[in-house]
>>> print(open('data-v6.csv').read())   # CSV, C-alpha atoms
chain,number,residue,atom,x,y,z
G,1,MET,CA,-20.5,8.0,-7.3
G,2,THR,CA,-22.6,4.9,-6.8
G,3,PRO,CA,-23.7,3.9,-3.3
G,4,LEU,CA,-21.7,0.7,-3.6
G,5,PHE,CA,-18.5,2.7,-4.4
G,6,THR,CA,-19.1,4.9,-1.4
G,7,TYR,CA,-19.9,1.9,0.8
G,8,LEU,CA,-16.7,0.2,-0.2
G,9,CYS,CA,-14.7,3.3,0.4
G,10,ARG,CA,-16.1,3.6,3.9
G,11,LEU,CA,-15.0,0.0,4.7
G,12,GLY,CA,-11.6,0.6,3.2
G,13,ASP,CA,-11.0,4.1,4.6
G,14,ASP,CA,-11.8,3.1,8.2
G,15,ARG,CA,-9.2,0.3,8.0
G,16,LEU,CA,-6.7,2.4,6.1
G,17,ILE,CA,-6.7,5.3,8.6
G,18,LEU,CA,-6.9,3.1,11.7
G,19,GLY,CA,-4.1,0.9,10.3
G,20,HIS,CA,-2.0,4.0,9.8
G,21,ARG,CA,-2.7,5.2,13.3
G,22,LEU,CA,-1.6,1.8,14.7
G,23,SER,CA,1.6,1.9,12.6
G,24,GLU,CA,2.6,5.0,14.5
G,25,TRP,CA,3.2,2.7,17.5
G,26,ALA,CA,6.0,0.8,15.6
G,27,GLY,CA,9.1,1.2,17.7
G,28,HIS,CA,7.2,2.9,20.5
G,29,GLY,CA,5.2,0.0,22.0
G,30,PRO,CA,5.2,-0.5,25.7
G,31,ILE,CA,7.1,-3.8,25.3
G,32,LEU,CA,8.7,-5.5,22.3
G,33,GLU,CA,5.9,-8.2,22.1
G,34,GLU,CA,3.1,-5.6,22.1
G,35,ASP,CA,5.0,-3.5,19.5
G,36,ILE,CA,5.0,-6.5,17.2
G,37,ALA,CA,1.3,-7.2,18.0
G,38,LEU,CA,0.2,-3.7,17.1
G,39,SER,CA,2.3,-3.7,13.9
G,40,ASN,CA,0.6,-7.1,13.0
G,41,ILE,CA,-2.8,-5.6,13.5
G,42,ALA,CA,-1.9,-2.5,11.5
G,43,LEU,CA,-0.7,-4.7,8.6
G,44,ASP,CA,-3.9,-6.7,8.7
G,45,LEU,CA,-6.0,-3.5,8.5
G,46,LEU,CA,-3.9,-2.2,5.7
G,47,GLY,CA,-4.4,-5.4,3.8
G,48,GLN,CA,-8.1,-5.2,4.3
G,49,ALA,CA,-8.2,-1.6,3.2
G,50,ASN,CA,-6.2,-2.6,0.1
G,51,ASN,CA,-8.8,-5.2,-0.8
G,52,PHE,CA,-11.9,-3.0,-0.2
G,53,LEU,CA,-10.4,-0.1,-2.0
G,54,HIS,CA,-9.3,-2.3,-4.9
G,55,LEU,CA,-12.9,-3.5,-5.3
G,56,ALA,CA,-14.1,0.1,-4.9
G,57,GLY,CA,-11.9,1.1,-7.8
G,58,GLN,CA,-13.3,-1.7,-9.9
G,59,VAL,CA,-16.9,-0.9,-9.1
G,60,GLU,CA,-16.2,2.8,-10.0
G,61,GLY,CA,-14.7,1.8,-13.3
G,62,GLN,CA,-12.8,5.1,-13.8
G,63,GLY,CA,-9.4,3.5,-13.7
G,64,ARG,CA,-8.6,4.3,-10.1
G,65,ASP,CA,-6.8,1.5,-8.2
G,66,GLU,CA,-6.4,1.2,-4.5
G,67,ASP,CA,-3.2,3.3,-4.5
G,68,ALA,CA,-5.0,6.1,-6.4
G,69,LEU,CA,-7.8,6.1,-3.8
G,70,ALA,CA,-5.5,5.9,-0.8
G,71,PHE,CA,-2.9,8.5,-1.9
G,72,TRP,CA,-4.7,10.9,-4.3
G,73,ARG,CA,-7.9,11.8,-2.6
G,74,THR,CA,-8.2,14.8,-0.3
G,75,ASP,CA,-9.5,14.8,3.2
G,76,VAL,CA,-13.1,15.6,2.3
G,77,GLU,CA,-13.2,12.7,-0.1
G,78,PHE,CA,-12.3,10.2,2.7
G,79,GLN,CA,-15.2,8.3,4.0
G,80,ASN,CA,-13.8,7.1,7.3
G,81,THR,CA,-15.4,7.7,10.7
G,82,ARG,CA,-13.9,10.3,12.9
G,83,LEU,CA,-13.2,7.7,15.6
G,84,VAL,CA,-10.3,6.1,13.7
G,85,GLU,CA,-8.6,9.3,12.8
G,86,LEU,CA,-8.1,10.6,16.3
G,87,PRO,CA,-4.4,10.7,17.4
G,88,ILE,CA,-3.1,7.6,19.2
G,89,GLY,CA,-2.9,9.3,22.6
G,90,ASP,CA,-1.5,7.0,25.3
G,91,PHE,CA,-1.7,3.2,25.3
G,92,GLY,CA,-5.0,3.4,27.2
G,93,PHE,CA,-6.6,5.5,24.5
G,94,THR,CA,-5.2,3.4,21.7
G,95,MET,CA,-6.6,0.2,23.3
G,96,ALA,CA,-10.0,1.8,24.1
G,97,ARG,CA,-10.4,2.9,20.5
G,98,GLN,CA,-9.2,-0.4,19.1
G,99,PHE,CA,-11.6,-2.4,21.3
G,100,LEU,CA,-14.6,-0.2,20.4
G,101,PHE,CA,-13.7,-0.5,16.7
G,102,ASP,CA,-12.8,-4.2,16.8
G,103,ALA,CA,-16.2,-5.1,18.4
G,104,TYR,CA,-17.9,-3.0,15.7
G,105,SER,CA,-15.9,-4.5,12.9
G,106,VAL,CA,-16.5,-8.1,13.9
G,107,HIS,CA,-20.2,-7.7,14.0
G,108,LEU,CA,-20.3,-5.6,10.8
G,109,LEU,CA,-18.1,-8.1,8.9
G,110,ASP,CA,-20.1,-11.0,10.3
G,111,ALA,CA,-23.2,-9.5,8.8
G,112,LEU,CA,-21.4,-8.7,5.5
G,113,THR,CA,-20.4,-12.4,5.1
G,114,ARG,CA,-24.1,-12.8,4.1
G,115,SER,CA,-24.1,-9.9,1.7
G,116,SER,CA,-25.8,-10.5,-1.7
G,117,HIS,CA,-22.6,-9.0,-3.3
G,118,ALA,CA,-20.4,-12.1,-3.7
G,119,GLU,CA,-17.0,-10.3,-3.8
G,120,LEU,CA,-17.9,-8.2,-0.8
G,121,ALA,CA,-19.0,-11.2,1.1
G,122,ALA,CA,-15.7,-13.0,0.3
G,123,LEU,CA,-13.6,-10.1,1.5
G,124,ALA,CA,-15.7,-9.8,4.7
G,125,THR,CA,-15.1,-13.5,5.3
G,126,ARG,CA,-11.4,-13.1,5.0
G,127,ALA,CA,-11.3,-10.0,7.1
G,128,LEU,CA,-13.5,-11.4,9.8
G,129,LYS,CA,-11.0,-14.1,10.7
G,130,GLU,CA,-8.4,-11.4,11.3
G,131,ASP,CA,-10.7,-9.1,13.2
G,132,ARG,CA,-11.8,-11.9,15.6
G,133,TYR,CA,-8.2,-12.1,16.7
G,134,HIS,CA,-7.9,-8.3,17.0
G,135,LEU,CA,-11.0,-8.3,19.2
G,136,ARG,CA,-9.6,-11.0,21.4
G,137,HIS,CA,-6.4,-9.1,21.7
G,138,SER,CA,-7.9,-5.7,22.6
G,139,ALA,CA,-10.6,-7.2,24.8
G,140,GLU,CA,-7.9,-9.0,26.9
G,141,TRP,CA,-6.0,-5.7,27.2
G,142,LEU,CA,-9.2,-3.9,28.4
G,143,VAL,CA,-9.7,-6.5,31.1
G,144,ARG,CA,-6.1,-6.3,32.2
G,145,LEU,CA,-6.0,-2.5,32.2
G,146,GLY,CA,-9.4,-2.0,33.7
G,147,ASP,CA,-8.9,-4.7,36.4
G,148,GLY,CA,-5.3,-3.7,36.9
G,149,THR,CA,-3.8,-0.8,38.9
G,150,GLU,CA,-5.5,2.5,39.8
G,151,GLU,CA,-3.4,4.1,37.1
G,152,SER,CA,-4.2,1.6,34.4
G,153,HIS,CA,-7.9,1.7,35.3
G,154,GLY,CA,-8.0,5.5,35.2
G,155,ARG,CA,-6.3,5.6,31.8
G,156,ILE,CA,-8.4,3.0,30.1
G,157,ALA,CA,-11.6,4.6,31.6
G,158,ARG,CA,-10.5,8.0,30.3
G,159,GLY,CA,-9.8,6.5,26.8
G,160,LEU,CA,-13.3,5.0,26.7
G,161,GLU,CA,-14.8,8.4,27.8
G,162,GLU,CA,-12.9,10.2,25.1
G,163,CYS,CA,-13.9,7.8,22.3
G,164,TRP,CA,-17.5,7.4,23.4
G,165,ARG,CA,-19.0,10.5,21.6
G,166,PHE,CA,-17.5,9.2,18.3
G,167,THR,CA,-19.1,5.7,18.5
G,168,GLY,CA,-22.6,6.8,17.4
G,169,GLU,CA,-21.2,7.6,14.0
G,170,LEU,CA,-20.3,4.0,13.4
G,171,PHE,CA,-23.9,3.1,13.3
G,172,ALA,CA,-25.4,6.2,11.7
G,173,ALA,CA,-27.2,4.9,8.6
G,174,ASP,CA,-27.7,7.3,5.7
G,175,ALA,CA,-29.1,7.0,2.2
G,176,VAL,CA,-26.1,4.9,1.1
G,177,ASP,CA,-26.8,2.3,3.8
G,178,GLU,CA,-30.5,2.3,3.2
G,179,GLU,CA,-30.3,1.8,-0.6
G,180,LEU,CA,-27.8,-1.0,-0.2
G,181,LEU,CA,-29.6,-2.6,2.6
G,182,ASN,CA,-32.7,-3.0,0.4
G,183,GLY,CA,-30.6,-4.9,-2.1
G,184,GLY,CA,-29.2,-7.2,0.6
G,185,VAL,CA,-25.7,-5.8,0.0
G,186,ALA,CA,-25.1,-3.8,3.2
G,187,ALA,CA,-25.3,-4.7,6.9
G,188,ASP,CA,-28.2,-3.5,9.0
G,189,LEU,CA,-26.4,-1.1,11.3
G,190,ALA,CA,-29.2,-1.2,13.9
G,191,VAL,CA,-28.5,-4.9,14.4
G,192,VAL,CA,-24.8,-4.4,14.4
G,193,GLN,CA,-25.2,-1.7,17.1
G,194,ASP,CA,-27.2,-4.1,19.3
G,195,ARG,CA,-24.6,-6.8,19.1
G,196,TRP,CA,-21.8,-4.3,19.5
G,197,LEU,CA,-23.3,-3.0,22.7
G,198,GLU,CA,-23.7,-6.6,24.1
G,199,THR,CA,-20.0,-7.2,23.4
G,200,VAL,CA,-19.0,-3.8,25.0
G,201,GLN,CA,-21.1,-4.5,28.1
G,202,GLU,CA,-19.7,-8.0,28.5
G,203,VAL,CA,-16.1,-7.0,28.2
G,204,LEU,CA,-16.4,-3.8,30.3
G,205,GLY,CA,-18.1,-5.9,33.0
G,206,ARG,CA,-15.2,-8.3,33.1
G,207,ALA,CA,-12.8,-5.3,33.1
G,208,THR,CA,-14.6,-3.6,36.1
G,209,LEU,CA,-15.3,-0.6,33.9
G,210,GLU,CA,-18.5,1.4,33.5
G,211,VAL,CA,-20.1,1.8,30.1
G,212,PRO,CA,-19.7,5.6,29.5
G,213,ALA,CA,-22.9,7.4,30.2
G,214,GLY,CA,-22.4,10.3,27.7
G,215,ASP,CA,-24.1,10.9,24.3
G,216,GLN,CA,-22.7,8.7,21.6
G,217,GLY,CA,-23.2,11.3,18.9
G,218,PRO,CA,-23.0,12.1,16.1
G,219,PRO,CA,-24.2,15.7,16.1
G,220,PRO,CA,-27.0,16.3,13.6
G,221,ASN,CA,-25.9,16.6,9.9
G,222,VAL,CA,-22.4,15.2,10.4
G,223,ARG,CA,-21.6,13.2,7.3
G,224,ARG,CA,-18.8,10.7,6.6
G,225,SER,CA,-17.0,13.5,4.7
G,226,ASN,CA,-16.8,15.6,7.8
G,227,HIS,CA,-13.6,15.1,9.7
G,228,THR,CA,-11.7,16.4,12.7
G,229,GLU,CA,-8.6,18.6,12.1
G,230,HIS,CA,-6.5,15.5,12.7
G,231,LEU,CA,-7.2,13.8,9.4
G,232,GLY,CA,-5.4,16.4,7.2
G,233,HIS,CA,-2.2,16.0,9.3
G,234,LEU,CA,-2.4,12.2,9.1
G,235,LEU,CA,-2.9,12.4,5.3
G,236,SER,CA,0.0,14.8,4.8
G,237,VAL,CA,2.3,12.1,6.4
G,238,MET,CA,0.6,9.2,4.7
G,239,GLN,CA,0.5,10.6,1.2
G,240,ILE,CA,3.7,12.6,0.9
G,241,THR,CA,5.9,9.9,-0.5
G,242,ALA,CA,3.4,8.9,-3.2
G,243,ARG,CA,2.7,12.5,-4.1
G,244,SER,CA,6.4,13.5,-4.2
G,245,HIS,CA,7.2,10.6,-6.5
G,246,PRO,CA,4.1,10.0,-8.7
G,247,GLY,CA,4.2,6.6,-10.4
G,248,ALA,CA,7.2,5.4,-8.5
G,249,SER,CA,7.3,1.7,-7.7
G,250,TRP,CA,9.2,-0.1,-5.0
M,1,MET,CA,22.6,2.8,33.1
M,2,PRO,CA,19.3,1.6,34.4
M,3,ASP,CA,16.2,3.5,33.3
M,4,ALA,CA,15.1,5.7,36.1
M,5,GLU,CA,11.5,5.8,34.8
M,6,ALA,CA,11.0,2.1,34.9
M,7,PRO,CA,9.2,1.1,38.1
M,8,ASP,CA,10.5,-2.0,39.9
M,9,GLY,CA,9.5,-5.3,38.5
M,10,SER,CA,8.6,-3.8,35.1
M,11,GLN,CA,9.9,-6.8,33.3
M,12,TRP,CA,7.2,-9.4,33.0
M,13,PRO,CA,7.8,-13.1,33.5
M,14,LEU,CA,9.5,-15.1,30.8
M,15,TRP,CA,7.6,-17.8,28.9
M,16,GLU,CA,9.2,-20.4,26.6
M,17,VAL,CA,7.3,-20.9,23.3
M,18,PHE,CA,6.9,-24.2,21.5
M,19,THR,CA,5.4,-24.3,18.0
M,20,GLN,CA,4.0,-27.3,16.1
M,21,PRO,CA,4.8,-26.9,12.4
M,22,GLY,CA,2.1,-29.3,11.3
M,23,LYS,CA,-0.4,-31.8,12.5
M,24,GLY,CA,1.2,-34.9,14.0
M,25,LYS,CA,4.6,-33.2,14.2
M,26,PRO,CA,6.3,-32.6,17.6
M,27,HIS,CA,6.2,-29.2,19.2
M,28,GLU,CA,9.6,-27.5,18.9
M,29,HIS,CA,11.2,-24.8,21.0
M,30,ALA,CA,10.8,-21.5,19.0
M,31,GLY,CA,12.0,-19.0,21.5
M,32,SER,CA,10.6,-17.0,24.4
M,33,VAL,CA,8.3,-14.0,25.2
M,34,HIS,CA,7.6,-11.8,28.2
M,35,ALA,CA,4.0,-11.7,29.3
M,36,PRO,CA,2.0,-11.0,32.5
M,37,ASP,CA,-0.1,-14.2,32.3
M,38,ALA,CA,-0.8,-17.3,30.3
M,39,GLU,CA,-3.4,-15.8,27.9
M,40,MET,CA,-1.2,-12.8,27.0
M,41,ALA,CA,1.8,-15.2,26.7
M,42,LEU,CA,-0.2,-17.2,24.1
M,43,GLN,CA,-1.1,-14.0,22.2
M,44,ASN,CA,2.4,-12.6,22.3
M,45,ALA,CA,3.8,-16.0,21.1
M,46,ARG,CA,1.2,-16.0,18.3
M,47,ASP,CA,2.3,-12.5,17.2
M,48,VAL,CA,6.0,-13.1,17.5
M,49,TYR,CA,6.4,-16.7,16.2
M,50,THR,CA,3.5,-17.6,14.0
M,51,ARG,CA,2.6,-14.6,12.0
M,52,ARG,CA,3.9,-16.1,8.8
M,53,GLY,CA,1.9,-19.2,9.2
M,54,GLU,CA,4.7,-21.3,10.8
M,55,ALA,CA,2.5,-23.2,13.2
M,56,VAL,CA,-0.8,-25.0,13.7
M,57,SER,CA,-0.5,-25.2,17.5
M,58,LEU,CA,1.3,-23.3,20.3
M,59,TRP,CA,2.5,-24.2,23.8
M,60,VAL,CA,3.7,-21.6,26.2
M,61,VAL,CA,5.4,-22.7,29.5
M,62,PRO,CA,6.5,-20.5,32.3
M,63,ALA,CA,10.3,-20.5,31.9
M,64,ASP,CA,10.9,-21.0,35.6
M,65,GLN,CA,8.8,-24.2,35.5
M,66,ILE,CA,11.3,-25.9,33.1
M,67,VAL,CA,13.7,-28.1,34.9
M,68,ALA,CA,17.0,-28.2,33.0
M,69,SER,CA,20.2,-30.1,33.4
M,70,SER,CA,23.1,-27.9,34.4
M,71,PRO,CA,26.1,-27.4,32.2
M,72,SER,CA,28.4,-28.7,35.0
M,73,ASP,CA,26.4,-32.0,34.9
M,74,SER,CA,27.2,-32.5,31.2
M,75,GLY,CA,30.1,-34.8,32.0
M,76,PRO,CA,28.4,-37.3,34.3
M,77,PHE,CA,25.1,-36.9,32.4
M,78,PHE,CA,26.1,-37.4,28.8
M,79,ASP,CA,29.7,-38.6,28.4
M,80,PRO,CA,29.2,-42.2,29.5
M,81,GLY,CA,27.2,-42.9,26.4
M,82,ASN,CA,30.2,-42.2,24.2
M,83,ASP,CA,32.2,-45.3,25.0
M,84,LYS,CA,29.3,-47.7,24.8
M,85,PRO,CA,29.0,-48.2,21.1
M,86,TYR,CA,27.0,-51.4,21.7
M,87,ARG,CA,24.1,-49.1,22.7
M,88,HIS,CA,23.8,-48.0,19.1
M,89,PRO,CA,22.0,-50.2,16.6
M,90,GLN,CA,24.5,-50.0,13.8
M,91,PHE,CA,25.8,-53.6,14.3
M,92,TYR,CA,22.8,-55.1,12.7
M,93,LYS,CA,22.4,-55.6,9.1
M,94,ALA,CA,19.4,-53.7,7.9
M,95,PRO,CA,17.0,-55.8,5.7
M,96,ARG,CA,17.0,-54.8,2.1
M,97,GLY,CA,14.6,-52.1,1.3
M,98,VAL,CA,14.8,-50.5,4.7
M,99,LYS,CA,16.1,-47.0,4.3
M,100,VAL,CA,15.6,-45.4,7.7
M,101,PHE,CA,15.6,-46.8,11.2
>>> encode(input="data-v6.csv", output="structure tokens")
Amino acid sequence: MTPLFTYLCRLGDDRLILGHRLSEWAGHGPILEEDIALSNIALDLLGQANNFLHLAGQVEGQGRDEDALAFWRTDVEFQNTRLVELPIGDFGFTMARQFLFDAYSVHLLDALTRSSHAELAALATRALKEDRYHLRHSAEWLVRLGDGTEESHGRIARGLEECWRFTGELFAADAVDEELLNGGVAADLAVVQDRWLETVQEVLGRATLEVPAGDQGPPPNVRRSNHTEHLGHLLSVMQITARSHPGASW
Amino acid sequence: MPDAEAPDGSQWPLWEVFTQPGKGKPHEHAGSVHAPDAEMALQNARDVYTRRGEAVSLWVVPADQIVASSPSDSGPFFDPGNDKPYRHPQFYKAPRGVKVF
């Protein structure tokens, strides 16, 4: 596995898993309009995952396409962060997680538009346009929930607290990042983290919410292949159709 | 049967949505959305009515701010035009070459 393959799987898997989580809201949104909004964002993320995993398969050169990577890898082969695989919780948790991820994704993709890898830069440019809207959507919800009622404030604050210890992992650079950063392919996660924190502080300020004080993690030696117990359950739902009917098309 | 769980006033205000299909074209009524305020109305309208690239511009207007004629007015409002054919321009001969006016 080359570093570039792993890097592209990380980009694809974060979006595939979060897109799947958001799709769980379909038919359960708090109002019809938000139900549609969450489904739109889920579809955007699945589309992005499709593109990143397609490129990963090409880079790998073993004949695996995006479907093979999405449906035929096991949980330890997935490279997503643990933040995106956590269950959807209530609407407060979903929006807290979405906002923290959207802010990260916008700054990460913005850096990747200047990647030395032309195809990666092109995919980042396309995805960035979508993610800027996602961030606008989740940030506005944060402000309304935070600066809303006692109940909504409490729920969004609790969602942020619960997500916080998983946010450090978003910026934990390892050998893959370092090697690709030297070639100008990858984003500098330290820079992304600074810009992320600025966005988080700005929006939480408007939302009358405190930036959580706890440790952002990750615990030492946690790798991208380490997951919570929730990923296996998610994959069993996501992969069952493809695995029950191998090679089927629809 | 009303939903016992829903608190009073759980239905957000209604906004009418107007989409512009292209630059220079008029904004047309597309439908309506519920939203707590203008920014969320704009976002909801974007998600409900423009996600397949139908518009280049959006207007949202609080539905209660639209002044509409009432159906009972339709007689006095609109009928008098019917028996005044001279208000229509079809008595003029169009110059050759003019297709639409």
>>> residues_around(input="data-v6.csv", residues="Gly22 (chain M)", least_positions_apart="3", cutoff="8 Å", atoms="all atoms listed in the file", output="list of chain:residue names")
M:Lys25, M:Ala55, M:Val56, M:Ser57
>>> atom_distance(input="data-v6.csv", atom1="CA of Leu16 (chain G)", atom2="CA of Ala35 (chain M)")
29.2 Å
>>> closest_atom_pairs(input="data-v6.csv", of="chain G", to="chain M", cutoff="9 Å", atoms="all atoms listed in the file", output="tab-separated table")
residue	atom	partner	partner_atom	distance
G:Ile31	CA	M:His34	CA	8.5
G:Leu32	CA	M:His34	CA	8.7
G:Glu33	CA	M:Asn44	CA	5.6
G:Glu34	CA	M:Asn44	CA	7.0
G:Ile36	CA	M:Asp47	CA	6.6
G:Ala37	CA	M:Asp47	CA	5.5
G:Asn40	CA	M:Asp47	CA	7.0
G:His137	CA	M:Gln43	CA	7.2
G:Glu140	CA	M:Met40	CA	7.7
G:Trp141	CA	M:Met40	CA	8.6
>>> write_last_selection(input="data-v6.csv", atoms="C-alpha atoms", output="PDB file, in the coordinates of the input")
ATOM      1  CA  ILE G  31       7.100  -3.800  25.300  1.00  0.00           C
ATOM      2  CA  LEU G  32       8.700  -5.500  22.300  1.00  0.00           C
ATOM      3  CA  GLU G  33       5.900  -8.200  22.100  1.00  0.00           C
ATOM      4  CA  GLU G  34       3.100  -5.600  22.100  1.00  0.00           C
ATOM      5  CA  ILE G  36       5.000  -6.500  17.200  1.00  0.00           C
ATOM      6  CA  ALA G  37       1.300  -7.200  18.000  1.00  0.00           C
ATOM      7  CA  ASN G  40       0.600  -7.100  13.000  1.00  0.00           C
ATOM      8  CA  HIS G 137      -6.400  -9.100  21.700  1.00  0.00           C
ATOM      9  CA  GLU G 140      -7.900  -9.000  26.900  1.00  0.00           C
ATOM     10  CA  TRP G 141      -6.000  -5.700  27.200  1.00  0.00           C
TER      11      TRP G 141
END
>>> residues_around(input="data-v6.csv", residues="region 180-187 of chain G", least_positions_apart="3", cutoff="7 Å", atoms="only C-alpha atoms", output="PDB file with C-alpha atoms, in the frame of the given file")
ATOM      1  CA  LEU G 108     -20.300  -5.600  10.800  1.00  0.00           C
ATOM      2  CA  ALA G 111     -23.200  -9.500   8.800  1.00  0.00           C
ATOM      3  CA  LEU G 112     -21.400  -8.700   5.500  1.00  0.00           C
ATOM      4  CA  SER G 115     -24.100  -9.900   1.700  1.00  0.00           C
ATOM      5  CA  SER G 116     -25.800 -10.500  -1.700  1.00  0.00           C
ATOM      6  CA  HIS G 117     -22.600  -9.000  -3.300  1.00  0.00           C
ATOM      7  CA  VAL G 176     -26.100   4.900   1.100  1.00  0.00           C
ATOM      8  CA  ASP G 177     -26.800   2.300   3.800  1.00  0.00           C
TER       9      ASP G 177
END
>>> atom_distance(input="data-v6.csv", atom1="CA of Gly92 (chain G)", atom2="CA of Leu18 (chain G)")
15.6 Å
>>> closest_residue(input="data-v6.csv", among="M:Phe78, M:Leu42, M:Gly31, M:Val98", to="Leu58 (chain M)", atoms="only C-alpha atoms")
M:Leu42
>>> residues_around(input="data-v6.csv", residues="Val237 (chain G)", least_positions_apart="2", cutoff="12 Å", atoms="all atoms listed in the file", output="VMD selection string")
chain G and resid 17 20 to 21 23 to 24 71 230 to 235 239 to 244
>>> closest_residue(input="data-v6.csv", among="G:Arg126, G:Arg114, G:Arg97, G:His245", to="Asn51 (chain G)", atoms="all atoms listed in the file")
G:Arg126
>>> atom_distance(input="data-v6.csv", atom1="CA of Ala121 (chain G)", atom2="CA of Leu4 (chain G)")
13.1 Å
>>> residues_near_point(input="data-v6.csv", point="(-8.8, -3.3, 28.8)", cutoff="8 Å", atoms="all atoms listed in the file", output="JSON, numbers by chain")
{"G": [92, 95, 96, 138, 139, 140, 141, 142, 143, 144, 145, 146, 147, 156, 204, 207]}
>>> residues_near_point(input="data-v6.csv", point="(-13.7, 8.1, 12.9)", cutoff="10 Å", atoms="only C-alpha atoms", output="number ranges by chain")
G: 13-14, 17-18, 79-86, 97, 101, 163, 166-167, 169-170, 224, 226-228, 231
>>> closest_residue(input="data-v6.csv", among="G:Ser105, G:Arg165, G:Thr94, G:Ser152", to="Leu22 (chain G)", atoms="all atoms listed in the file")
G:Thr94
>>> residues_around(input="data-v6.csv", residues="Glu16 (chain M)", least_positions_apart="5", cutoff="8 Å", atoms="only C-alpha atoms", output="list in words")
His29, Ala30, Gly31, Ser32, Val33, Val60, Val61, Pro62 and Ala63 of chain M
